[in-house]
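Enquirer: After the structure tokens below, expect a handful of questions from me.
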Amino acid sequence: MNMLFRNIIAALSLGLLTIGVQAQTAPDEFVRTISQSVLEEIRSDRSLQSGDIERLNGLVDRKVMPYVDFQRMTALAVGRNWRGANPEQQKTLMQEFRRLLLLTYSGAVRQVNELTLQVRPVRAKPDDDEVIVRTQVLRPGREPIQIDYRLQRSAGGWKIFDMNIMGLWLVEHYRNQFAQVVGASGIDGLIQSLKEKNQSLVMGGGGAKQSAK
Amino acid sequence: MNRFLRLIPILGIALSAGCAHLPAGHVPDERDPWERYNRAMFEFNDSVDRAVVKPLAEVYRDYVPPLAQQSLRNFFGNLRDVIITAHQLFQGKLEAAGTAGGRVLVNTTLGFLGVADPASEMGLVKTNEDFGQTFGRWGAESGPYFMLPLLGPSTVRDAIGTVADFSFDPIGSVFNQSAARNVVYGLIAIDRRKDLLDAQGTIEALSFDRYTGVRDAWLARRRSLIYDGDPPPSPMKEE
């Protein structure tokens with residue numbers, strides 16, 4: 001399970017980045033290209049494998065974020081309270097949510113050398129605008145880790161707006177977690193909780209050894 | 001068994017003191033009608049974990065040589081693959097049954113009675129099956145979420161599945177003296193807990209409320225397992 005989570009994270013972060021993916025690539029090809037390029041970079045960079053959070057942050061910025069509709073992701077996770085938040089709050093929510101996802105995954109990056117990524121065949125019609133791409137990360141002697149991506153067709157090519165680890169869709173999961181916090185203490189309470197959570201994950205290890213600042 | 005009997009009064013105290021309060025902003029979930037009981041049992045399990053299971057898992061991780069850990073895991077995993085082969089057949093998945101059965105053949109022979117796992121290197125990928133999943137595949141609904149004492153998250157269907165798992169467990173027939181069997185089950189439990197040590201950060205990142213975080217992740221995982229990682233899509237609500 002530990003390796004599993006690490007692998008997941010690795011595969012995720014890997015999976016997310018890439019160099020110049022064409023606008024109308026097939027969705028499975030899109031995911032494969034991003035994943036391979038992230039994996040290669042992590043494999044060739046020791047400080048990434050040792051859990052350097054700032055370096056991982058930079059990698060995600062360069063190679064993953066261009067292919068993620070992160071505003072949509074955050075809006076979906078915050079749910080119906082998103083529209084009630086002012087632009088300043090929305091910006092902070094996006095920042096903190098991004099950091100939370102990064103910390104969720106940083107631990108997996110270390111195990112990346114033993115992993116092989118397999119993209120499963122996509123069941124979708126060529127004109128579908130929303131597609132799920134399922135991948136599995138193979139590990140010797142253990143069950144594969146399942147990592148899936150939800151993609152949306154856009155003018156600039158495919159965009160990732162949700163991902164699934166071992167059956168758990170993260171946006172939906174966080175929407176339920178956040179709903180409880182917002183219900184108790186509002187949007188500002190959620191921002192506060194996110195900050196505290198990120199802080200404690202950095203302190204407690206959470207896969208990250210370096211300071212969060 | 002004696003040890004379990006002694007736990008009962010503690011359990012009673014835990015539950016009566018518990019019947020836990022729900023956190024502020026709590027949103028009821030239709031899959032979890034017994035939430036107050038479940039939360040109390042979750043707390044109880046957590047305290048047993050902190051006092052006993054987690055420390056043992058840390059010792060196991062830090063002091064048992066990695067090769068020994070790996071060999072033990074492979075050996076018990078190979079016994080599990082026997083029953084997994086049967087489950088794939090119960091579920092009508094002939095190809096998957098072939099893979100699981102192939103794993104048993106290869107690992108029992110070339111893998112020195114299952115201590116090594118050459119099957120994985122040959123592309124025979126390990127799978128995860130149990131009676132709960134087989135019942136689910138046959139169409140049984142999960143029923144309410146149900147926190148088992150010591151064993152942790154389950155549902156009514158999966159709890160029945162767990163009873164069946166123990167009755168048909170090949171480990172039970174290989175180690176047929178109860179003392180040896182208990183040691184083996186203890187080892188397996190500690191090995192599983194050890195895996196979770198490193199996932200701790202991820203679990204915390206997923207859980208703003210630990211109880212619902214663990215519950216939702218566990219239920220999603222089970223649903224995914226029943227469909228072998230390819231469940232029918234649940235439409236996403238844009239709110």
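Residues are named by chain letter and number: chains run A, B, ... in the order of the structure tokens, numbers start at 1 in each chain, and ligands are numbered from 1 in the order shown.
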Quick one: which residues from chain A are at most 9 Å off chain B, using only C-alpha atoms, as number ranges by chain?

Expert: A: 1-6, 75-76, 79-82, 100-101, 103-105, 107, 132, 134, 138-144, 146, 165-170, 172-174, 176-185, 193-194, 197-198, 201, 204-207

Enquirer: Which of segment 122-158 of chain B counts as alpha helix (DSSP H) under DSSP, as a PyMOL selection string please?

Expert: chain B and resi 131-137+156-158

Enquirer: Grab the atom CA of Val104 of chain B to atom CA of Gly132 of chain B distance for me, in Å with one decimal place.

Expert: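 Atom CA of Val104 of chain B sits 21.9 Å away from atom CA of Gly132 of chain B.
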
Enquirer: I'd like the contact shell of Glu35 of chain B - 10 Å cut-off, only C-alpha atoms, skipping same-chain residues fewer than 6 positions apart - returned as a VMD selection string.

Expert: chain B and resid 19 to 22 28 to 29 41 to 42 144 to 147 211 to 212

Enquirer: Keeping only all heavy atoms, write those residues as a compact mmCIF listing (two decimals), in the first residue's frame.

Expert:
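Written output follows (again-v9.txt):
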```txt
# COMPACT_ATOMS: atom_id res chain seq x y z
N CYS B 19 -21.02 6.29 21.07
CA CYS B 19 -22.15 6.64 20.23
C CYS B 19 -21.98 8.09 19.90
O CYS B 19 -22.62 9.02 20.37
CB CYS B 19 -23.50 6.22 20.78
SG CYS B 19 -23.85 4.55 20.20
N ALA B 20 -21.00 8.21 19.05
CA ALA B 20 -20.19 9.42 18.91
C ALA B 20 -21.01 10.61 18.50
O ALA B 20 -22.02 10.48 17.84
CB ALA B 20 -19.13 9.13 17.86
N HIS B 21 -20.53 11.76 18.91
CA HIS B 21 -21.12 13.00 18.44
C HIS B 21 -20.68 13.21 16.99
O HIS B 21 -19.56 12.85 16.61
CB HIS B 21 -20.67 14.16 19.32
CG HIS B 21 -19.19 14.23 19.46
ND1 HIS B 21 -18.47 13.43 20.33
CD2 HIS B 21 -18.27 14.98 18.80
CE1 HIS B 21 -17.19 13.69 20.22
NE2 HIS B 21 -17.03 14.62 19.30
N LEU B 22 -21.54 13.82 16.21
CA LEU B 22 -21.20 14.09 14.82
C LEU B 22 -20.53 15.46 14.74
O LEU B 22 -20.87 16.36 15.50
CB LEU B 22 -22.47 14.06 13.96
CG LEU B 22 -23.24 12.74 14.07
CD1 LEU B 22 -24.58 12.82 13.36
CD2 LEU B 22 -22.42 11.60 13.52
N PRO B 28 -25.16 14.01 6.30
CA PRO B 28 -25.48 12.58 6.36
C PRO B 28 -25.24 11.91 5.00
O PRO B 28 -25.37 12.56 3.97
CB PRO B 28 -26.97 12.54 6.72
CG PRO B 28 -27.40 13.93 6.93
CD PRO B 28 -26.34 14.85 6.46
N ASP B 29 -24.90 10.63 5.02
CA ASP B 29 -24.65 9.89 3.79
C ASP B 29 -25.57 8.68 3.79
O ASP B 29 -25.59 7.92 4.76
CB ASP B 29 -23.18 9.45 3.74
CG ASP B 29 -22.80 8.86 2.39
OD1 ASP B 29 -23.56 7.99 1.88
OD2 ASP B 29 -21.76 9.26 1.85
N MET B 41 -17.09 2.83 16.86
CA MET B 41 -16.22 1.67 16.63
C MET B 41 -14.92 2.09 15.95
O MET B 41 -13.85 1.52 16.21
CB MET B 41 -16.98 0.63 15.78
CG MET B 41 -16.24 -0.68 15.63
SD MET B 41 -15.77 -1.45 17.21
CE MET B 41 -17.33 -2.21 17.67
N PHE B 42 -15.01 3.09 15.09
CA PHE B 42 -13.82 3.63 14.42
C PHE B 42 -12.84 4.18 15.45
O PHE B 42 -11.64 3.90 15.40
CB PHE B 42 -14.28 4.73 13.45
CG PHE B 42 -13.18 5.35 12.62
CD1 PHE B 42 -12.55 4.64 11.62
CD2 PHE B 42 -12.80 6.67 12.83
CE1 PHE B 42 -11.56 5.22 10.84
CE2 PHE B 42 -11.81 7.26 12.05
CZ PHE B 42 -11.19 6.54 11.06
N PRO B 144 -25.60 -1.31 4.20
CA PRO B 144 -24.98 -0.19 4.91
C PRO B 144 -23.50 -0.41 5.20
O PRO B 144 -23.05 -1.54 5.36
CB PRO B 144 -25.77 -0.10 6.23
CG PRO B 144 -27.05 -0.78 5.96
CD PRO B 144 -26.77 -1.84 4.94
N TYR B 145 -22.79 0.70 5.25
CA TYR B 145 -21.41 0.71 5.73
C TYR B 145 -21.40 0.21 7.17
O TYR B 145 -22.29 0.53 7.94
CB TYR B 145 -20.89 2.15 5.67
CG TYR B 145 -19.44 2.35 6.02
CD1 TYR B 145 -18.42 1.75 5.28
CD2 TYR B 145 -19.07 3.18 7.07
CE1 TYR B 145 -17.09 1.98 5.58
CE2 TYR B 145 -17.74 3.42 7.38
CZ TYR B 145 -16.75 2.80 6.64
OH TYR B 145 -15.43 3.04 6.95
N PHE B 146 -20.41 -0.61 7.51
CA PHE B 146 -20.44 -1.29 8.79
C PHE B 146 -19.02 -1.46 9.32
O PHE B 146 -18.22 -2.19 8.73
CB PHE B 146 -21.12 -2.66 8.61
CG PHE B 146 -21.23 -3.48 9.87
CD1 PHE B 146 -21.50 -2.88 11.09
CD2 PHE B 146 -21.07 -4.86 9.81
CE1 PHE B 146 -21.60 -3.64 12.25
CE2 PHE B 146 -21.17 -5.63 10.97
CZ PHE B 146 -21.44 -5.02 12.19
N MET B 147 -18.71 -0.75 10.40
CA MET B 147 -17.36 -0.81 10.95
C MET B 147 -17.22 -2.04 11.83
O MET B 147 -17.90 -2.18 12.84
CB MET B 147 -17.11 0.46 11.78
CG MET B 147 -15.70 0.63 12.27
SD MET B 147 -14.49 0.88 10.97
CE MET B 147 -15.04 2.43 10.30
N TYR B 211 -12.93 10.28 9.75
CA TYR B 211 -13.91 9.21 9.61
C TYR B 211 -14.50 9.17 8.20
O TYR B 211 -14.49 8.12 7.56
CB TYR B 211 -15.02 9.37 10.65
CG TYR B 211 -16.16 8.40 10.44
CD1 TYR B 211 -16.07 7.09 10.88
CD2 TYR B 211 -17.31 8.80 9.75
CE1 TYR B 211 -17.09 6.19 10.65
CE2 TYR B 211 -18.33 7.91 9.52
CZ TYR B 211 -18.23 6.61 9.97
OH TYR B 211 -19.24 5.73 9.73
N THR B 212 -15.01 10.31 7.72
CA THR B 212 -15.63 10.29 6.39
C THR B 212 -14.57 10.12 5.30
O THR B 212 -14.84 9.51 4.26
CB THR B 212 -16.44 11.57 6.10
OG1 THR B 212 -15.60 12.71 6.32
CG2 THR B 212 -17.65 11.67 6.99
```

Enquirer: What's the 7 Å shell around segment 119-125 of chain A, counting only C-alpha atoms, without same-chain residues fewer than 5 positions away, as a PyMOL selection string?

Expert: chain A and resi 28+32+131+133-136

Enquirer: Can I get the selection written as a compact mmCIF listing (two decimals), in the first residue's frame, with N, CA, C and O atoms?

Expert:
```txt
# COMPACT_ATOMS: atom_id res chain seq x y z
N ASP A 28 -5.90 8.62 -25.13
CA ASP A 28 -4.95 7.72 -24.46
C ASP A 28 -3.51 8.09 -24.81
O ASP A 28 -2.62 8.01 -23.98
N ARG A 32 -0.58 9.11 -22.26
CA ARG A 32 0.68 8.36 -22.30
C ARG A 32 1.88 9.30 -22.45
O ARG A 32 2.88 9.17 -21.76
N VAL A 131 -13.91 12.22 -21.73
CA VAL A 131 -13.39 10.86 -21.86
C VAL A 131 -12.66 10.47 -20.58
O VAL A 131 -12.02 11.30 -19.95
N VAL A 133 -9.67 8.14 -19.23
CA VAL A 133 -8.54 7.32 -19.63
C VAL A 133 -8.05 6.57 -18.38
O VAL A 133 -7.75 7.19 -17.36
N ARG A 134 -8.04 5.25 -18.47
CA ARG A 134 -7.63 4.44 -17.32
C ARG A 134 -6.21 3.95 -17.52
O ARG A 134 -5.86 3.47 -18.59
N THR A 135 -5.42 4.08 -16.48
CA THR A 135 -4.06 3.56 -16.57
C THR A 135 -3.80 2.68 -15.36
O THR A 135 -4.50 2.76 -14.35
N GLN A 136 -2.81 1.80 -15.48
CA GLN A 136 -2.38 1.12 -14.28
C GLN A 136 -0.87 1.12 -14.19
O GLN A 136 -0.16 1.03 -15.17
```

Enquirer: What does the distance from atom CA of Asp158 of chain B to atom CA of Arg137 of chain B come to in Å, to one decimal?

Expert: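 Computing the Euclidean distance for atom CA of Asp158 of chain B and atom CA of Arg137 of chain B yields 12.0 Å.
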
Enquirer: Atom CA of Pro232 of chain B and atom CA of Gln88 of chain B, how far apart in Å?

Expert: 19.7 Å

Enquirer: Kindly indicate which residue among A:Val31, A:Val38, A:Ala26, A:Met163 lies nearest to Gly58 of chain A, using only C-alpha atoms for the distances.

Expert: A:Val38

Enquirer: Can you pull out the residues contacting Leu72 of chain B? Cut-off 9 Å, using only C-alpha atoms, and skip same-chain residues under 3 positions away; I want them as an MDAnalysis selection string.

Expert: chainID B and resid 67:69 75:77 114:115 187:188
